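Everything on this sheet refers to the single structure shown next.
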Amino acid sequence: MATIIVVTSGKGGVGKTTTSASFATGLAQRGYRTVVIDFDVGLRNLDLIMGCERRVVYDFINVINNEATLNQALIRDKRVENLYILPASQTRDKDALTKEGVERILSELKQNFEFEYVVCDSPAGIERGALMALYYADEALVVTNPEVSSVRDSDRILGILSSRSRRAEQSENPVKEHLVLARYAPDRANRGDMLTVQDVLEILAIPLLGVVPESSAVLQSSNAGIPVILDENSDAGLAYSDLVDRFLGKDLPHRFIEIPKKGFLKRLFGGG
Amino acid sequence: MLFIEVFQDLMLLPRSLHASNAETLPFELKGSLFTLTVMHLFHLDHAVIERHLLDKVKQAPGFFNNTPVVIDLEGMTEPKQAIDFERLYALLRKNGLIPVGIRNGSPEYQEAALLAGLPMLPERRSNTNANGLIRKTDLNELTASLRNRIIRQPVRSGQEVYAPDGDLIVLGAVSAGADVIADGNIHIYGALRGRALAGVKGNIESWIFCQSLEAELISIAGHYQVCEQFNPTDLAKAAQICLREERLIIEHLTR
Ligand SMILES: Nc1ncnc2c1ncn2[C@@H]1O[C@H](COP(=O)(O)OP(=O)(O)O)[C@@H](O)[C@H]1O
Ligand SMILES: [Mg+2]
């Protein structure tokens with residue numbers, strides 16, 4: 001049985017696509033057949049971050065409109081086995097995303113392609129694209145930044161997950177919710193410039209899957225078209241690795257919540 | 001006198017994503033439940049109205065922030081007094097209120113209001129008189145028909161939960177941007193960060209209980225306070241709230 005996971009947030013620019021790319025890559029690295037779908041019709045970001053933008057011929061909307069088969073549209077990742085990308089179209093209008101179309105493709109991915117995990121990278125907002133990305137989800141990674149407006153939007157998305165997803169409408173078990181706190185800077189949180197992990201948990205009251213630190217490695221990786229989880233020397237890469245392991249059931253302590261000791265010593269001795 | 005009340009739209013369509021047909025719909029009509037401020041107009045004197053509005057704004061700055069308002073004409077002391085609705089509209093608008101309709105007017109008032117773009121809204125439901133107070137006999141009927149509603153999840157930003165004819169019990173927190181509304185009492189076994197309106201059909205005996213008072217607004221039988229009016233020592237503490245002599249009383253809940 002495949003599990004459908006939506007990566008969502010409400011607000012834009014919080015790290016959904018970054019998280020989708022690394023999360024899907026991590027699952028595949030650990031041996032699970034995984035596909036990641038870009039629901040952000042019109043923007044098309046995921047293929048850039050996955051480094052496969054030159055190999056896009058057909059897209060998600062083509063498949064929904066029966067202009068291409070899934071076989072033609074799915075892109076096999078060159079670095080990681082078991083990993084496939086279904087890119088979004090850059091031009092077509094968002095109305096092409098229909099409930100029936102999305103359902104047909106998801107069930108084909110589950111049945112004919114035997115994927116174990118389907119990761120849906122949601123666009124921002126609470127419009128059609130975002131609603132379609134979360135409608136069929138079994139689990140949700142809710143990506144939040146440690147600031148009030150981002151937390152408020154995530155709260156709203158959690159409300160939608162619990163009332164307007166397929167599971168909610170059919171009164172099945174609710175969508176399983178996980179919090180991903182991205183772009184976290186412990187020193188700024190301690191100074192009160194940002195919310196702390198505790199603040200965010202108190203408001204959203206869902207289990208914390210991982211804290212991803214604010215890191216220059218993220219921008220470097222996305223410029224290079226390599227999901228940051230593959231950069232094993234970076235703090236963000238390690239954070240995503242832990243996050244995937246935790247998702248798969250490992251009990252790991254959260255790193256990157258405290259102010260790094262090194263930075264503190266550096267400041268003390270004025271070293272560079 | 002201002003009251004906050006609840007209207008239920010007549011047309012309630014299922015809250016689902018609309019299925020797409022060959023042609024996509026340019027819009028969708030959905031029923032929704034709103035809390036609206038009702039202005040009970042007693043007599044029309046523009047200068048006096050304006051003075052009282054300015055007083056209100058002084059008490060709660062920022063509360064009339066393009067606030068939609070319904071003008072209730074039931075209590076007009078001289079029901080034959082002509083009302084220039086366009087002038088009234090402009091006056092309210094200038095003071096941060098936006099009239100969206102009238103209620104309880106004579107046919108003449110209704111016609112004049114409609115010409116000014118103000119439709120007639122459904123009448124207040126039973127159980128309350130013009131002052132929002134409940135009549136003794138109705139109270140017995142109400143207690144007989146109590147139906148309580150239990151919400152086992154947090155109420156999230158953008159959500160609204162209403163318990164008609166009974167108590168509302170929320171087992172989690174009520175987020176900022178969420179509304180919880182009941183004809184009876186409201187019990188929140190978590191933080192109240194949104195708005196809680198108890199006794200919305202006028203039951204002045206209603207209470208609000210919460211584990212942590214961080215609300216945007218609390219209201220019992222139309223008497224409300226916004227967070228700016230709270231005593232800072234009441235904030236973030238377990239609280240019980242009731243109405244005494246038309247005033248909201250906030251007390252700490254101690255174990
Ligand atoms: N942990 C992080 N540290 C630093 N920058 C980040 C981090 N996560 C995301 N970003 C940056 O934030 C921007 C938005 O990220 P993206 O994943 O595209 O967000 P979304 O999909 O939610 O709009 C990008 O420029 C990305 O490089
Ligand atoms: Mg994105």
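In the structure tokens, chains take letters A, B, ... by order of appearance, with residues numbered from 1 within each chain and ligands from 1 in the order shown.
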Which of region 46-223 of chain A DSSP labels alpha helix (DSSP H), written as a VMD selection string: chain A and resid 46 to 49 60 to 64 70 to 73 99 to 111 128 to 135 148 to 164 166 to 169 186 to 191 197 to 204 216 to 223
I want to know what sits within 8 Å of Phe23 (chain A), based on only C-alpha atoms, with residues of the same chain fewer than 2 positions away left out; could you give that as a PyMOL selection string? chain A and resi 19-21+25-27+229+240+243-244
At most 10 Å to chain B: residues in chain A, only C-alpha atoms, as an MDAnalysis selection string: chainID A and resid 95:100 128 131:132 135 152:160 162:166 169 202:205
Could those selected residues go to a file with C-alpha atoms, as a compact mmCIF listing (two decimals), in the first residue's frame?
```
# COMPACT_ATOMS: atom_id res chain seq x y z
CA ASP A 95 -7.81 24.75 -13.55
CA ALA A 96 -6.48 21.70 -15.32
CA LEU A 97 -5.88 20.19 -11.88
CA THR A 98 -9.15 18.37 -11.33
CA LYS A 99 -10.07 16.07 -8.50
CA GLU A 100 -10.82 13.21 -10.89
CA ARG A 128 -7.10 24.99 -5.91
CA LEU A 131 -6.34 21.92 -2.00
CA MET A 132 -5.67 19.31 -4.70
CA TYR A 135 -6.97 16.26 -0.77
CA ARG A 152 -0.84 31.25 11.51
CA ASP A 153 -0.97 30.00 7.92
CA SER A 154 0.10 26.53 8.98
CA ASP A 155 -2.63 26.53 11.59
CA ARG A 156 -5.12 27.34 8.85
CA ILE A 157 -3.79 24.52 6.67
CA LEU A 158 -4.14 22.12 9.61
CA GLY A 159 -7.77 23.19 9.85
CA ILE A 160 -8.26 22.44 6.16
CA SER A 162 -8.95 18.14 9.28
CA SER A 163 -12.07 19.32 7.48
CA ARG A 164 -11.59 19.27 3.70
CA SER A 165 -9.27 16.38 2.91
CA ARG A 166 -10.72 13.18 1.50
CA GLU A 169 -14.89 14.07 4.13
CA GLU A 202 2.45 25.35 21.76
CA ILE A 203 0.41 27.03 19.05
CA LEU A 204 0.26 24.21 16.50
CA ALA A 205 0.19 21.29 18.94
```
Taking only C-alpha atoms and all ligand atoms into account, report as number ranges by chain which residues have an atom no farther than 8 Å from an atom of ligand 2. A: 12-13, 15-18, 40, 45-46, 121-124
Output file for the residues above (N, CA, C and O atoms, as a tab-separated table (two decimals), in the first residue's frame):
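Output (out.tsv):
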```tsv
chain	number	residue	atom	x	y	z
A	12	GLY	N	4.09	30.95	1.33
A	12	GLY	CA	5.10	30.64	0.32
A	12	GLY	C	6.50	30.91	0.85
A	12	GLY	O	6.68	31.64	1.83
A	13	GLY	N	7.48	30.30	0.21
A	13	GLY	CA	8.87	30.59	0.53
A	13	GLY	C	9.35	30.08	1.88
A	13	GLY	O	10.34	30.56	2.40
A	15	GLY	N	10.01	26.75	2.52
A	15	GLY	CA	10.87	25.58	2.36
A	15	GLY	C	10.12	24.30	1.99
A	15	GLY	O	10.64	23.21	2.20
A	16	LYS	N	8.94	24.43	1.39
A	16	LYS	CA	8.19	23.24	0.99
A	16	LYS	C	8.92	22.45	-0.07
A	16	LYS	O	9.09	21.24	0.03
A	17	THR	N	9.34	23.16	-1.13
A	17	THR	CA	9.96	22.46	-2.25
A	17	THR	C	11.31	21.88	-1.81
A	17	THR	O	11.65	20.73	-2.15
A	18	THR	N	12.07	22.65	-1.04
A	18	THR	CA	13.33	22.16	-0.49
A	18	THR	C	13.08	20.88	0.31
A	18	THR	O	13.80	19.88	0.17
A	40	ASP	N	2.82	22.69	-8.09
A	40	ASP	CA	2.88	24.15	-8.25
A	40	ASP	C	2.82	24.52	-9.73
A	40	ASP	O	3.80	24.98	-10.32
A	45	ASN	N	9.26	24.53	-9.86
A	45	ASN	CA	10.48	24.71	-9.08
A	45	ASN	C	11.19	23.42	-8.78
A	45	ASN	O	12.41	23.36	-8.71
A	46	LEU	N	10.39	22.38	-8.59
A	46	LEU	CA	10.93	21.13	-8.07
A	46	LEU	C	12.00	20.54	-9.00
A	46	LEU	O	13.04	20.08	-8.54
A	121	ASP	N	4.37	17.98	-3.57
A	121	ASP	CA	4.89	19.30	-3.21
A	121	ASP	C	3.80	20.33	-3.51
A	121	ASP	O	3.50	20.60	-4.67
A	122	SER	N	3.23	20.90	-2.46
A	122	SER	CA	2.08	21.80	-2.62
A	122	SER	C	2.53	23.22	-2.96
A	122	SER	O	3.56	23.68	-2.49
A	123	PRO	N	1.73	23.93	-3.75
A	123	PRO	CA	1.98	25.36	-3.91
A	123	PRO	C	1.54	26.10	-2.64
A	123	PRO	O	0.89	25.52	-1.78
A	124	ALA	N	1.89	27.37	-2.56
A	124	ALA	CA	1.48	28.18	-1.41
A	124	ALA	C	-0.01	28.50	-1.54
A	124	ALA	O	-0.64	28.22	-2.56
```
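If you count only C-alpha atoms and ignore residues fewer than 3 places along the chain from Phe115 (chain A), what sits within 6 Å of it is A:Arg33, A:Thr34, A:Lys110.
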Go ahead and dump the residues you just picked, N, CA, C and O atoms, as a PDB file, in the first residue's frame.
```pdb
ATOM      1  N   ARG A  33      10.582   2.799  -3.043  1.00  0.00           N
ATOM      2  CA  ARG A  33      10.213   3.357  -4.354  1.00  0.00           C
ATOM      3  C   ARG A  33       9.379   4.618  -4.136  1.00  0.00           C
ATOM      4  O   ARG A  33       8.291   4.564  -3.557  1.00  0.00           O
ATOM      5  N   THR A  34       9.918   5.740  -4.597  1.00  0.00           N
ATOM      6  CA  THR A  34       9.323   7.034  -4.253  1.00  0.00           C
ATOM      7  C   THR A  34       9.158   7.896  -5.488  1.00  0.00           C
ATOM      8  O   THR A  34      10.025   7.924  -6.359  1.00  0.00           O
ATOM      9  N   LYS A 110       0.200   4.301  -7.721  1.00  0.00           N
ATOM     10  CA  LYS A 110       0.206   3.305  -6.655  1.00  0.00           C
ATOM     11  C   LYS A 110       0.161   1.905  -7.243  1.00  0.00           C
ATOM     12  O   LYS A 110       0.924   1.028  -6.872  1.00  0.00           O
TER      13      LYS A 110
END
```
Would you mind listing what lies within 12 Å of region 104-108 of chain A as a PyMOL selection string, with only C-alpha atoms counted and same-chain residues fewer than 6 positions away left out? chain A and resi 1-5+35-37+59-66+68-71+73-74+86+97-98+114-120+132-133+135-137
